[in-house]
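Reviewing the structure listed below.
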Number of protein chains: 4
Amino acid sequence: MSERGRLRDFGVVVGRFDPGPANSISDVAGVTVGHVTISREEGGGQPGARTGVTAIWPHEGVPWRERVYAGTSIVNGYGELIGINQINEWGLLHSPILLTSSLAIGAVYDATARWIAERDPVQGTDDVIMPVVTECDDSYLNHARSFPVTSRHVELALELARAGGVVAEGCVGAATGLQCFDFKGGIGTASRVLPSASGGYTVGALVSTNFGARPDLLLAGVRLGEEISDLMPGTHASGSCIVVVATDAPLLPHQLRRLAARGGMGLVRCGSVGANGSGELVLAFSTANRIPRSAPQGQVHPTALLDGAYWHQPSYFDPLFTATIEAVEEAVGNALFQATTTYGRDGNVLHALPLDRALESLRRHRVLGTEGRAGGDG
Amino acid sequence: MSERGRLRDFGVVVGRFDPGPANSISDVAGVTVGHVTISREEGGGQPGARTGVTAIWPHEGVPWRERVYAGTSIVNGYGELIGINQINEWGLLHSPILLTSSLAIGAVYDATARWIAERDPVQGTDDVIMPVVTECDDSYLNHARSFPVTSRHVELALELARAGGVVAEGCVGAATGLQCFDFKGGIGTASRVLPSASGGYTVGALVSTNFGARPDLLLAGVRLGEEISDLMPGTHASGSCIVVVATDAPLLPHQLRRLAARGGMGLVRCGSVGANGSGELVLAFSTANRIPRSAPQGQVHPTALLDGAYWHQPSYFDPLFTATIEAVEEAVGNALFQATTTYGRDGNVLHALPLDRALESLRRHRVLGTEGRAGGDG
Amino acid sequence: MSERGRLRDFGVVVGRFDPGPANSISDVAGVTVGHVTISREEGGGQPGARTGVTAIWPHEGVPWRERVYAGTSIVNGYGELIGINQINEWGLLHSPILLTSSLAIGAVYDATARWIAERDPVQGTDDVIMPVVTECDDSYLNHARSFPVTSRHVELALELARAGGVVAEGCVGAATGLQCFDFKGGIGTASRVLPSASGGYTVGALVSTNFGARPDLLLAGVRLGEEISDLMPGTHASGSCIVVVATDAPLLPHQLRRLAARGGMGLVRCGSVGANGSGELVLAFSTANRIPRSAPQGQVHPTALLDGAYWHQPSYFDPLFTATIEAVEEAVGNALFQATTTYGRDGNVLHALPLDRALESLRRHRVLGTEGRAGGDG
Amino acid sequence: MSERGRLRDFGVVVGRFDPGPANSISDVAGVTVGHVTISREEGGGQPGARTGVTAIWPHEGVPWRERVYAGTSIVNGYGELIGINQINEWGLLHSPILLTSSLAIGAVYDATARWIAERDPVQGTDDVIMPVVTECDDSYLNHARSFPVTSRHVELALELARAGGVVAEGCVGAATGLQCFDFKGGIGTASRVLPSASGGYTVGALVSTNFGARPDLLLAGVRLGEEISDLMPGTHASGSCIVVVATDAPLLPHQLRRLAARGGMGLVRCGSVGANGSGELVLAFSTANRIPRSAPQGQVHPTALLDGAYWHQPSYFDPLFTATIEAVEEAVGNALFQATTTYGRDGNVLHALPLDRALESLRRHRVLGTEGRAGGDG
């Protein structure tokens with residue numbers, strides 16, 4: 001198998017806007033990500049835990065003291081995002097975002113709530129900070145019944161995320177055991193920077209993929225899933241996808257709901273049908289305004305508002321919407337390209353997308369190659 | 001029967017916050033209301049049309065050039081509000097608000113769209129301004145099958161509204177033929193001004209009542225409907241209620257959805273159960289910010305934001321919420337108190353609430369009178 | 001202080017429909033409730049934990065094998081209900097419902113997921129059953145920072161609930177440390193049985209109250225909170241309320257969302273303004289149909305549907321809606337009447353509603369007593 | 001220019017499920033469509049009206065006497081659908097569906113309400129039947145300010161629809177003046193029949209396209225809009241798309257909301273970003289159950305329910321979801337392929353998609369042709 005890499009390492013370009021410097025959610029200043037990967041064997045060398053925790057901080061400060069505007073959207077709701085009601089009601093994100101395995105969200109919530117309590121005396125006294133925790137089901141590979149995620153994993157993920165740095169992709173963190181169109185899935189990220197004439201804003205996306213049935217897979221518009229019909233798992237694990245969208249565009253909460261909906265459209269571009277058993281959930285936030293928890297009521301915030309209403313004229317929203325779709329679509333592609341074949345419990349295996357065959361298909365369809373739109377196949 | 005008047009004319013006080021100078025939605029600066037009442041007999045002196053049009057302008061300017069933030073809420077959705085999708089998507093109100101009879105919303109939309117076209121060349125060329133039109137069903141009294149509302153009525157309502165002035169209540173405008181808990185219903189309005197420590201904002205409400213079954217009627221918490229069980233119509237007309245809430249508090253669209261929800265709570269305080277066949281729809285807007293249609297993208301709006309997040313401490317939202325509920329509850333009471341017995345098609349009649357009996361009941365329950373909480377004129 | 005009891009023990013009647021035999025959510029056949037109350041002192045006799053767990057089983061079977069239709073509604077969303085996305089998407093409830101303290105939902109989810117795993121080998125292998133867990137913040141009395149809820153409490157609550165029996169009210173289970181309009185709150189329950197002409201269905205409600213500011217308290221329509229302004233806590237703890245509504249009426253998921261909304265209206269009748277920091281969440285389910293997890297696709301279910309559409313004629317929905325509002329309003333009253341003064345951490349105290357003063361007020365307002373509508377104890 | 005036709009006339013295949021006999025929404029038994037096209041010149045031969053009315057009957061009966069289950073979904077809400085609140089609340093469609101120009105929805109509503117009144121004496125007496133009317137803005141070509149749609153057009157559309165027959169595509173009815181990715185848009189339709197192992201259900205879609213910016217156009221996954229960048233209109237008219245999805249699968253209202261959401265995904269597959277000024281609205285209904293308006297309450301309906309819950313096993317929902325996306329995607333393609341270059345007011349023109357260039361592009365990308373997946377005409 002060819003070495004793994006990101007879409008652009010192989011010349012594959014999704015969409016028309018340019019990525020940011022790292023082509024990562026971390027291109028939105030202040031956003032940091034940390035992964036703790038849990039992969040260990042059971043007695044007798046049998047595969048056991050294939051799971052993990054991913055933590056995202058929305059900025060370098062303390063989010064429950066300086067909240068950011070946020071909104072959510074649901075492609076298909078067979079999945080959970082603890083904190084969704086509060087985000088929808090107040091339009092504010094006030095905690096790090098934790099991703100993990102479906103059966104582990106209790107443990108991760110508990111550990112995060114305690115972690116905050118240890119660091120801030122207001123937790124449980126003058127305030128109750130309920131962290132945002134969300135999940136995908138990794139039980140096809142992961143021995144979920146052994147409940148392998150512990151508080152120590154959560155603490156490490158929160159602290160590693162604080163350290164920032166490059167956002168790792170593939171079989172890491174919450175995506176250690178996940179699938180994607182019946183291939184091995186993973187964490188993927190990407191970003192877009194809008195031209196200055198469109199405001200110059202940055203949009204970044206991070207996905208933790210667990211969605212899709214093989215025949216539906218689209219890569220850069222090519223029906224790749226129909227072309228690579230082998231390398232299937234023993235059972236199709238109806239899955240999910242968590243999408244986090246960050247931007248520095250000064251969007252208000254009702255506008256971030258709209259941006260979150262475009263995050264979902266990025267999944268549809270990859271072939272999602274919002275499958276019945278899938279929890280495809282999107283959380284979008286803006287780092288442009290910080291809403292302090294203890295500011296005087298009625299204080300004036302100088303807010304750069306986008307005018308959402310030019311009719312028959314260019315609006316800033318459309319480029320933001322397109323950029324969000326592109327970033328999510330590319331992030332899913334990066335997840336597929338970076339993830340590697342993984343063996344799990346009971347002989348279950350998820351195969352990596354074979355890059356050589358995928359690239360050959362893209363070339364054949366002239367999505368990649370000298371005749372195509374992508375500059376080169378590297 | 002005693003002379004009609006408003007709740008406070010008889011000493012009845014709802015809630016604890018003070019009303020504004022006119023105790024009317026017009027206390028929110030710039031908001032104006034106009035009614036055209038259509039009540040005429042058919043050949044042979046038979047009652048015919050019992051309907052009308054009510055128009056509300058959100059400010060003295062041109063709302064499709066200077067929009068205001070808005071949000072909606074639905075108590076029970078068996079009713080329509082043309083424009084609701086646009087308001088929910090953009091968070092903006094961009095037109096006057098028209099209220100009329102259920103079968104007349106087409107005619108009123110058409111007339112309003114034409115009225116705008118006659119005054120603004122952008123209508124239908126560079127822009128399409130779809131007006132907000134909403135309805136209650138007045139066909140119990142009104143000969144709705146004769147489609148009595150014409151474009152001239154709409155034009156007059158729009159122009160009368162521009163003129164401003166006192167907001168008439170009772171059997172006027174869109175509420176000419178409506179019911180309320182099986183009594184005659186009507187237009188009602190009320191307002192609240194918050195103490196300066198709570199921001200000093202004004203909230204105004206206007207209702208066009210057509211909702212409620214007699215046994216459910218609550219007046220200032222008293223189960224008045226159980227005490228006055230006579231004076232019933234031949235048939236209970238399952239109805240609706242349109243509620244418009246205006247404020248000068250600088251709320252954002254997602255917060256105005258919350259305010260609109262409190263408008264619905266005001267109906268519940270009056271006895272609404274959100275009946276199956278009722279369309280109880282609330283539209284809330286804020287006059288505090290105007291969002292120009294043609295401003296440069298990304299311009300800075302200095303916005304006085306309310307901080308929605310003091311936990312264990314007073315927030316500005318709770319007084320705003322309470323004031324909204326109070327204003328709607330009082331507006332419904334004003335509608336009932338002001339409406340007069342009305343005869344309609346086919347011998348149908350809706351009786352006015354008998355004020356003497358209502359007041360006697362309030363006195364007996366010590367909600368009114370020297371022993372009660374209302375200062376009262378007994 | 002007078003002995004505690006339920007509203008009807010003192011002759012206080014809310015609404016017009018009759019309660020079921022136990023006037024409890026358990027009047028809906030198959031619904032069972034269990035409480036584990038955690039109240040213990042710290043070293044030195046200082047008050048410590050004031051919290052607990054309440055479990056509700058929707059029927060006597062295994063809910064993840066035989067699901068029931070369900071719907072949710074949110075009065076104000078500053079609170080969480082793990083599982084809400086799945087319920088909204090599929091319209092199905094597939095687990096017991098767990099109520100606990102805000103910071104404990106992680107521990108309770110974890111314990112419930114494990115409890116299921118120990119009893120059903122599909123958990124974490126062929127299926128992932130994510131339990132429904134919801135919360136109110138009890139940190140005003142409870143030493144929440146000590147994270148007192150353990151897996152053993154959860155197991156006991158699940159098993160006690162299985163045993164069924166009388167549903168305890170007041171300071172028990174998840175409501176051990178909660179408030180209600182600045183009095184001590186608690187668990188409350190009530191039910192209604194509709195006349196056979198309205199279908200004869202039963203509706204039951206259970207509330208775990210933590211909502212309301214004193215001046216807003218309404219009891220049977222009387223502004224009791226304004227009349228009893230003493231016995232206040234040191235700080236107003238902006239709170240929440242979890243409402244569970246059960247019925248044997250054969251409602252479909254979209255209709256159960258409507259029923260859930262009426263549960264919220266019951267809170268509004270008690271004085272809720274949907275306060276900014278409150279999480280007032282309603283979950284409604286119907287026991288009339290069981291949807292098996294492994295039935296053949298496309299099988300025919302003979303479903304007794306309510307026809308939701310008689311216009312100008314009685315619908316079954318309106319009595320169901322009214323009954324739901326009444327049951328919730330009475331359940332809140334029962335919680336207040338049953339809860340007892342409770343001391344908590346750091347000298348905080350929540351006083352019980354003084355029943356003698358409350359009843360005196362109801363008598364004075366002729367809501368109770370020989371002159372009033374309640375048969376009463378005068 | 002090559003002769004127009006449908007995608008499959010040229011060998012272009014979208015998706016993997018087979019179409020029904022007519023590859024049309026009319027493949028769902030009972031669903032009929034009628035168009036009235038209004039295209040006429042003004043004095044001096046100047047182009048004037050470019051608009052029309054499209055009517056859809058959900059079955060051959062009287063829909064306000066026999067309603068069908070329905071649900072809606074919104075991709076972007078800058079557009080209106082009169083009746084949406086009632087559909088969302090009751091889950092029922094009770095009228096024909098009318099599509100027209102944005103400024104004409106008033107006239108069309110009025111005419112439809114009158115048309116019903118003339119045929120059914122309950123209209124406006126014992127009942128008020130509010131028809132479903134929805135819109136796209138055709139003012140780029142259409143002289144909308146002349147308000148060309150009259151009641152006669154509406155009556156004809158309703159009656160032509162009753163006659164049934166082949167569903168015309170392209171520049172007809174409500175789509176006479178619409179755009180699609182800056183080409184001329186139109187009406188398009190398509191259907192899918194599921195394999196019997198997936199239930200054998202039929203899904204049909206009809207679109208009235210007015211959405212999309214050129215660079216975003218995808219045809220069968222190919223970025224066609226980037227390859228054909230000429231033939232642009234003078235101004236990009238930010239538009240909309242109305243999507244109607246019909247099925248004979250026995251879906252309940254909450255499931256039809258899900259199906260409607262997949263209709264929106266079909267637009268995303270064509271390149272929709274849910275543009276800011278676009279109203280992309282989807283209405284889905286099922287013909288499998290008829291809910292009578294005057295049936296006894298509580299009667300038993302034998303309903304074939306889909307079991308929505310096989311985890312790790314095939315569900316009937318996923319094929320239904322995929323089929324819906326495919327049908328909408330193909331319907332949009334058919335609209336583009338069938339629409340012809342149209343001149344309108346003030347020299348504005350929308351060019352037809354050049355089929356030869358489009359097909360050449362599909363061939364080059366091996367989506368069409370001997371090497372490709374389509375059997376094709378090479």
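Ordered as shown in the structure tokens, chains take letters A, B, and onward, while each chain numbers its residues from 1 and ligands are numbered from 1 in the order shown.
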Contacts of C:Gly52 at 12 Å (only C-alpha atoms; same-chain gap of 5+ positions) as a ChimeraX atom specification: /C:34-40,98-105,107-108,135-138,142-144,147-157,171-178,186-187,208
Generate a file of the selected residues that holds N, CA and C atoms, formatted as a tab-separated table (two decimals), in the first residue's frame.
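Final file, selection-v3.tsv:
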chain	number	residue	atom	x	y	z
C	34	GLY	N	-38.39	4.67	40.67
C	34	GLY	CA	-37.60	4.37	41.87
C	34	GLY	C	-36.69	5.52	42.22
C	35	HIS	N	-36.51	5.75	43.51
C	35	HIS	CA	-35.66	6.85	43.98
C	35	HIS	C	-34.55	6.31	44.86
C	36	VAL	N	-33.36	6.85	44.67
C	36	VAL	CA	-32.29	6.69	45.66
C	36	VAL	C	-31.92	8.07	46.14
C	37	THR	N	-32.06	8.27	47.45
C	37	THR	CA	-31.82	9.56	48.07
C	37	THR	C	-30.46	9.54	48.74
C	38	ILE	N	-29.63	10.54	48.41
C	38	ILE	CA	-28.29	10.61	48.99
C	38	ILE	C	-28.23	11.85	49.86
C	39	SER	N	-28.24	11.64	51.14
C	39	SER	CA	-28.20	12.76	52.07
C	39	SER	C	-27.30	12.34	53.21
C	40	ARG	N	-26.14	12.92	53.26
C	40	ARG	CA	-25.23	12.51	54.33
C	40	ARG	C	-24.36	13.68	54.72
C	98	LEU	N	-33.34	8.42	33.48
C	98	LEU	CA	-32.63	8.67	34.74
C	98	LEU	C	-32.56	10.15	35.02
C	99	LEU	N	-32.89	10.56	36.23
C	99	LEU	CA	-32.77	11.95	36.65
C	99	LEU	C	-31.75	12.03	37.76
C	100	THR	N	-30.93	13.10	37.71
C	100	THR	CA	-29.94	13.26	38.77
C	100	THR	C	-29.44	14.71	38.80
C	101	SER	N	-28.36	14.90	39.51
C	101	SER	CA	-27.71	16.21	39.67
C	101	SER	C	-26.90	16.57	38.42
C	102	SER	N	-26.79	17.86	38.12
C	102	SER	CA	-26.15	18.31	36.88
C	102	SER	C	-24.76	17.72	36.69
C	103	LEU	N	-23.95	17.78	37.72
C	103	LEU	CA	-22.57	17.30	37.56
C	103	LEU	C	-22.49	15.78	37.61
C	104	ALA	N	-23.61	15.12	37.89
C	104	ALA	CA	-23.59	13.65	38.02
C	104	ALA	C	-24.10	12.93	36.79
C	105	ILE	N	-24.49	13.64	35.75
C	105	ILE	CA	-25.08	12.90	34.62
C	105	ILE	C	-24.06	12.01	33.94
C	107	ALA	N	-21.63	10.29	35.52
C	107	ALA	CA	-21.55	9.08	36.34
C	107	ALA	C	-22.80	8.22	36.17
C	108	VAL	N	-23.95	8.85	36.05
C	108	VAL	CA	-25.20	8.09	35.93
C	108	VAL	C	-25.30	7.44	34.57
C	135	GLU	N	-31.04	16.15	34.09
C	135	GLU	CA	-30.46	16.73	35.29
C	135	GLU	C	-31.14	18.02	35.73
C	136	CYS	N	-31.03	18.27	37.02
C	136	CYS	CA	-31.23	19.62	37.56
C	136	CYS	C	-30.03	19.91	38.45
C	137	ASP	N	-29.77	21.17	38.63
C	137	ASP	CA	-28.61	21.58	39.42
C	137	ASP	C	-29.00	21.73	40.88
C	138	ASP	N	-28.44	20.88	41.73
C	138	ASP	CA	-28.77	20.93	43.16
C	138	ASP	C	-27.65	21.52	43.99
C	142	ASN	N	-26.47	20.86	47.75
C	142	ASN	CA	-25.62	19.68	47.62
C	142	ASN	C	-24.15	20.06	47.47
C	143	HIS	N	-23.30	19.30	48.10
C	143	HIS	CA	-21.87	19.50	47.91
C	143	HIS	C	-21.48	18.80	46.60
C	144	ALA	N	-21.86	19.46	45.49
C	144	ALA	CA	-21.71	18.82	44.18
C	144	ALA	C	-20.26	18.56	43.83
C	147	PHE	N	-18.83	15.15	44.12
C	147	PHE	CA	-19.29	14.12	43.18
C	147	PHE	C	-19.79	12.87	43.92
C	148	PRO	N	-20.85	13.06	44.68
C	148	PRO	CA	-21.27	11.97	45.58
C	148	PRO	C	-22.03	10.82	44.92
C	149	VAL	N	-22.49	10.98	43.69
C	149	VAL	CA	-23.30	9.92	43.09
C	149	VAL	C	-22.40	8.82	42.53
C	150	THR	N	-22.66	7.61	42.92
C	150	THR	CA	-21.83	6.47	42.46
C	150	THR	C	-22.69	5.49	41.66
C	151	SER	N	-22.00	4.54	41.05
C	151	SER	CA	-22.70	3.56	40.23
C	151	SER	C	-23.68	2.74	41.07
C	152	ARG	N	-23.36	2.53	42.32
C	152	ARG	CA	-24.25	1.74	43.18
C	152	ARG	C	-25.59	2.43	43.35
C	153	HIS	N	-25.56	3.75	43.47
C	153	HIS	CA	-26.83	4.50	43.58
C	153	HIS	C	-27.68	4.31	42.33
C	154	VAL	N	-27.01	4.30	41.21
C	154	VAL	CA	-27.75	4.19	39.95
C	154	VAL	C	-28.37	2.80	39.83
C	155	GLU	N	-27.58	1.78	40.15
C	155	GLU	CA	-28.11	0.42	40.06
C	155	GLU	C	-29.32	0.25	40.97
C	156	LEU	N	-29.21	0.79	42.16
C	156	LEU	CA	-30.33	0.67	43.10
C	156	LEU	C	-31.57	1.40	42.56
C	157	ALA	N	-31.37	2.56	42.01
C	157	ALA	CA	-32.52	3.31	41.50
C	157	ALA	C	-33.19	2.52	40.38
C	171	CYS	N	-38.64	15.43	49.00
C	171	CYS	CA	-37.17	15.47	48.97
C	171	CYS	C	-36.59	14.07	48.80
C	172	VAL	N	-36.83	13.50	47.66
C	172	VAL	CA	-36.34	12.15	47.39
C	172	VAL	C	-35.65	12.12	46.04
C	173	GLY	N	-34.83	11.12	45.86
C	173	GLY	CA	-34.19	10.86	44.58
C	173	GLY	C	-33.49	12.09	44.03
C	174	ALA	N	-33.68	12.31	42.74
C	174	ALA	CA	-32.99	13.41	42.06
C	174	ALA	C	-33.35	14.77	42.61
C	175	ALA	N	-34.44	14.83	43.36
C	175	ALA	CA	-34.92	16.13	43.86
C	175	ALA	C	-34.52	16.39	45.30
C	176	THR	N	-33.68	15.56	45.84
C	176	THR	CA	-33.29	15.70	47.25
C	176	THR	C	-32.81	17.11	47.57
C	177	GLY	N	-32.06	17.71	46.65
C	177	GLY	CA	-31.48	19.02	46.95
C	177	GLY	C	-32.06	20.16	46.14
C	178	LEU	N	-33.20	19.98	45.53
C	178	LEU	CA	-33.69	20.99	44.58
C	178	LEU	C	-34.61	22.02	45.23
C	186	GLY	N	-39.06	19.47	45.02
C	186	GLY	CA	-39.00	18.01	45.15
C	186	GLY	C	-39.57	17.30	43.95
C	187	ILE	N	-39.74	16.02	44.15
C	187	ILE	CA	-40.47	15.20	43.18
C	187	ILE	C	-41.96	15.38	43.44
C	208	SER	N	-39.56	16.93	38.56
C	208	SER	CA	-38.46	17.12	39.51
C	208	SER	C	-38.17	18.60	39.45
Non-local contacts of B:Gly239 (9 Å; only C-alpha atoms; under 3 positions in same chain excluded) as a PyMOL selection string: chain B and resi 78+136-138+178-180+209-213+236+275+277-280
Per-residue nearest contacts chain C to chain A, cut-off 9 Å, using only C-alpha atoms, as a Markdown table:
| residue | atom | partner | partner_atom | distance |
| --- | --- | --- | --- | --- |
| C:Ile74 | CA | A:Asn85 | CA | 8.5 |
| C:Asn76 | CA | A:Glu89 | CA | 6.9 |
| C:Gly77 | CA | A:Asn85 | CA | 5.0 |
| C:Tyr78 | CA | A:Gln86 | CA | 4.6 |
| C:Gly79 | CA | A:Gln86 | CA | 6.1 |
| C:Glu80 | CA | A:Asn85 | CA | 6.0 |
| C:Leu81 | CA | A:Ile82 | CA | 7.7 |
| C:Ile82 | CA | A:Ile82 | CA | 6.2 |
| C:Gly83 | CA | A:Glu80 | CA | 6.2 |
| C:Ile84 | CA | A:Glu80 | CA | 7.4 |
| C:Asn85 | CA | A:Gly77 | CA | 5.0 |
| C:Gln86 | CA | A:Tyr78 | CA | 4.6 |
| C:Ile87 | CA | A:Tyr78 | CA | 8.2 |
| C:Asn88 | CA | A:Gly77 | CA | 7.3 |
| C:Glu89 | CA | A:Gly77 | CA | 5.2 |
| C:Trp90 | CA | A:Tyr78 | CA | 7.6 |
| C:Ser102 | CA | A:Met130 | CA | 7.3 |
| C:Leu103 | CA | A:Ala113 | CA | 6.5 |
| C:Ala104 | CA | A:Asp110 | CA | 6.9 |
| C:Ile105 | CA | A:Gly106 | CA | 6.9 |
| C:Gly106 | CA | A:Gly106 | CA | 3.6 |
| C:Ala107 | CA | A:Gly106 | CA | 5.7 |
| C:Val108 | CA | A:Gly106 | CA | 7.0 |
| C:Tyr109 | CA | A:Gly106 | CA | 4.9 |
| C:Asp110 | CA | A:Gly106 | CA | 4.5 |
| C:Ala111 | CA | A:Gly106 | CA | 8.1 |
| C:Ala113 | CA | A:Leu103 | CA | 6.5 |
| C:Arg114 | CA | A:Arg145 | CA | 7.6 |
| C:Ala117 | CA | A:Arg145 | CA | 6.5 |
| C:Glu118 | CA | A:Arg145 | CA | 8.7 |
| C:Pro121 | CA | A:Arg145 | CA | 8.8 |
| C:Gln123 | CA | A:Arg145 | CA | 7.1 |
| C:Gly124 | CA | A:Arg145 | CA | 5.3 |
| C:Thr125 | CA | A:Ser139 | CA | 6.1 |
| C:Asp126 | CA | A:Tyr140 | CA | 8.3 |
| C:Asp127 | CA | A:Ser139 | CA | 8.3 |
| C:Val128 | CA | A:Leu103 | CA | 7.3 |
| C:Ile129 | CA | A:Leu103 | CA | 8.1 |
| C:Met130 | CA | A:Leu103 | CA | 6.9 |
| C:Asp137 | CA | A:Val128 | CA | 7.4 |
| C:Asp138 | CA | A:Gly124 | CA | 8.8 |
| C:Ser139 | CA | A:Gly124 | CA | 5.7 |
| C:Tyr140 | CA | A:Thr125 | CA | 7.0 |
| C:Asn142 | CA | A:Gly124 | CA | 8.7 |
| C:His143 | CA | A:Gly124 | CA | 7.4 |
| C:Ala144 | CA | A:Gly124 | CA | 5.3 |
| C:Arg145 | CA | A:Gly124 | CA | 5.3 |
| C:Ser146 | CA | A:Gly124 | CA | 8.9 |
| C:Phe147 | CA | A:Arg114 | CA | 8.0 |
| C:Asn276 | CA | A:Trp90 | CA | 8.4 |
| C:Gly279 | CA | A:Gln86 | CA | 8.3 |
One residue among B:Pro292, B:Pro19, B:Gly43, B:Gly271 is nearest to B:Ala327 when using only C-alpha atoms, and that residue is B:Pro19
Name the residues of stretch 80-110 of chain A that fall into strand (DSSP E or B) according to DSSP on the backbone, using the chain letters and numbers of this document, as a ChimeraX atom specification. /A:81-82,92-93,97-101
Please provide as a CSV table (one decimal) with all heavy atoms, in the first residue's frame all residues within 8 Å of B:Ala249, with the sequence filter that same-chain residues fewer than 5 positions apart are discarded (counting only C-alpha atoms).
chain,number,residue,atom,x,y,z
B,201,TYR,N,-35.9,48.9,29.8
B,201,TYR,CA,-36.4,48.6,28.5
B,201,TYR,C,-38.0,48.6,28.5
B,201,TYR,O,-38.6,48.3,29.6
B,201,TYR,CB,-35.9,47.3,27.9
B,201,TYR,CG,-34.4,47.2,27.8
B,201,TYR,CD1,-33.7,46.3,28.6
B,201,TYR,CD2,-33.7,48.1,27.0
B,201,TYR,CE1,-32.3,46.2,28.5
B,201,TYR,CE2,-32.3,48.0,27.0
B,201,TYR,CZ,-31.6,47.1,27.7
B,201,TYR,OH,-30.3,47.1,27.6
B,202,THR,N,-38.5,48.8,27.4
B,202,THR,CA,-40.0,48.7,27.2
B,202,THR,C,-40.3,47.5,26.4
B,202,THR,O,-39.6,47.2,25.4
B,202,THR,CB,-40.5,50.0,26.5
B,202,THR,OG1,-40.3,51.1,27.3
B,202,THR,CG2,-42.0,49.9,26.2
B,203,VAL,N,-41.4,46.8,26.8
B,203,VAL,CA,-41.9,45.7,26.0
B,203,VAL,C,-43.4,45.9,25.7
B,203,VAL,O,-44.1,46.3,26.7
B,203,VAL,CB,-41.8,44.3,26.7
B,203,VAL,CG1,-42.4,43.2,25.9
B,203,VAL,CG2,-40.3,44.0,27.1
B,286,SER,N,-37.2,43.6,17.8
B,286,SER,CA,-36.5,44.7,18.6
B,286,SER,C,-36.3,45.9,17.7
B,286,SER,O,-35.7,45.7,16.6
B,286,SER,CB,-35.2,44.1,19.1
B,286,SER,OG,-34.4,45.2,19.6
B,287,THR,N,-36.6,47.0,18.2
B,287,THR,CA,-36.3,48.3,17.5
B,287,THR,C,-34.9,48.8,17.7
B,287,THR,O,-34.6,49.9,17.2
B,287,THR,CB,-37.4,49.3,17.8
B,287,THR,OG1,-37.2,49.6,19.2
B,287,THR,CG2,-38.8,48.9,17.5
B,288,ALA,N,-34.1,48.1,18.5
B,288,ALA,CA,-32.9,48.7,19.0
B,288,ALA,C,-31.8,48.8,17.9
B,288,ALA,O,-31.0,49.7,18.0
B,288,ALA,CB,-32.3,47.9,20.2
Residue neighbourhood C:Gly333, 10 Å, only C-alpha atoms, exclusion window fewer than 5 positions, as number ranges by chain: C: 6-8, 12, 14, 180, 185-190, 207, 209, 218-220, 270, 327-328, 338
What does the structure give for the distance between atom CA of D:Tyr343 and atom CA of D:Leu359, in Å to one decimal?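 Separating atom CA of D:Tyr343 from atom CA of D:Leu359 is a distance of 24.3 Å.
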Counting only C-alpha atoms, which of A:Leu158, A:Pro63, A:Pro319, A:Arg223 gets nearest to D:His365?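 Going through A:Leu158, A:Pro63, A:Pro319, A:Arg223 one by one, the smallest distance to D:His365 is for A:Arg223.
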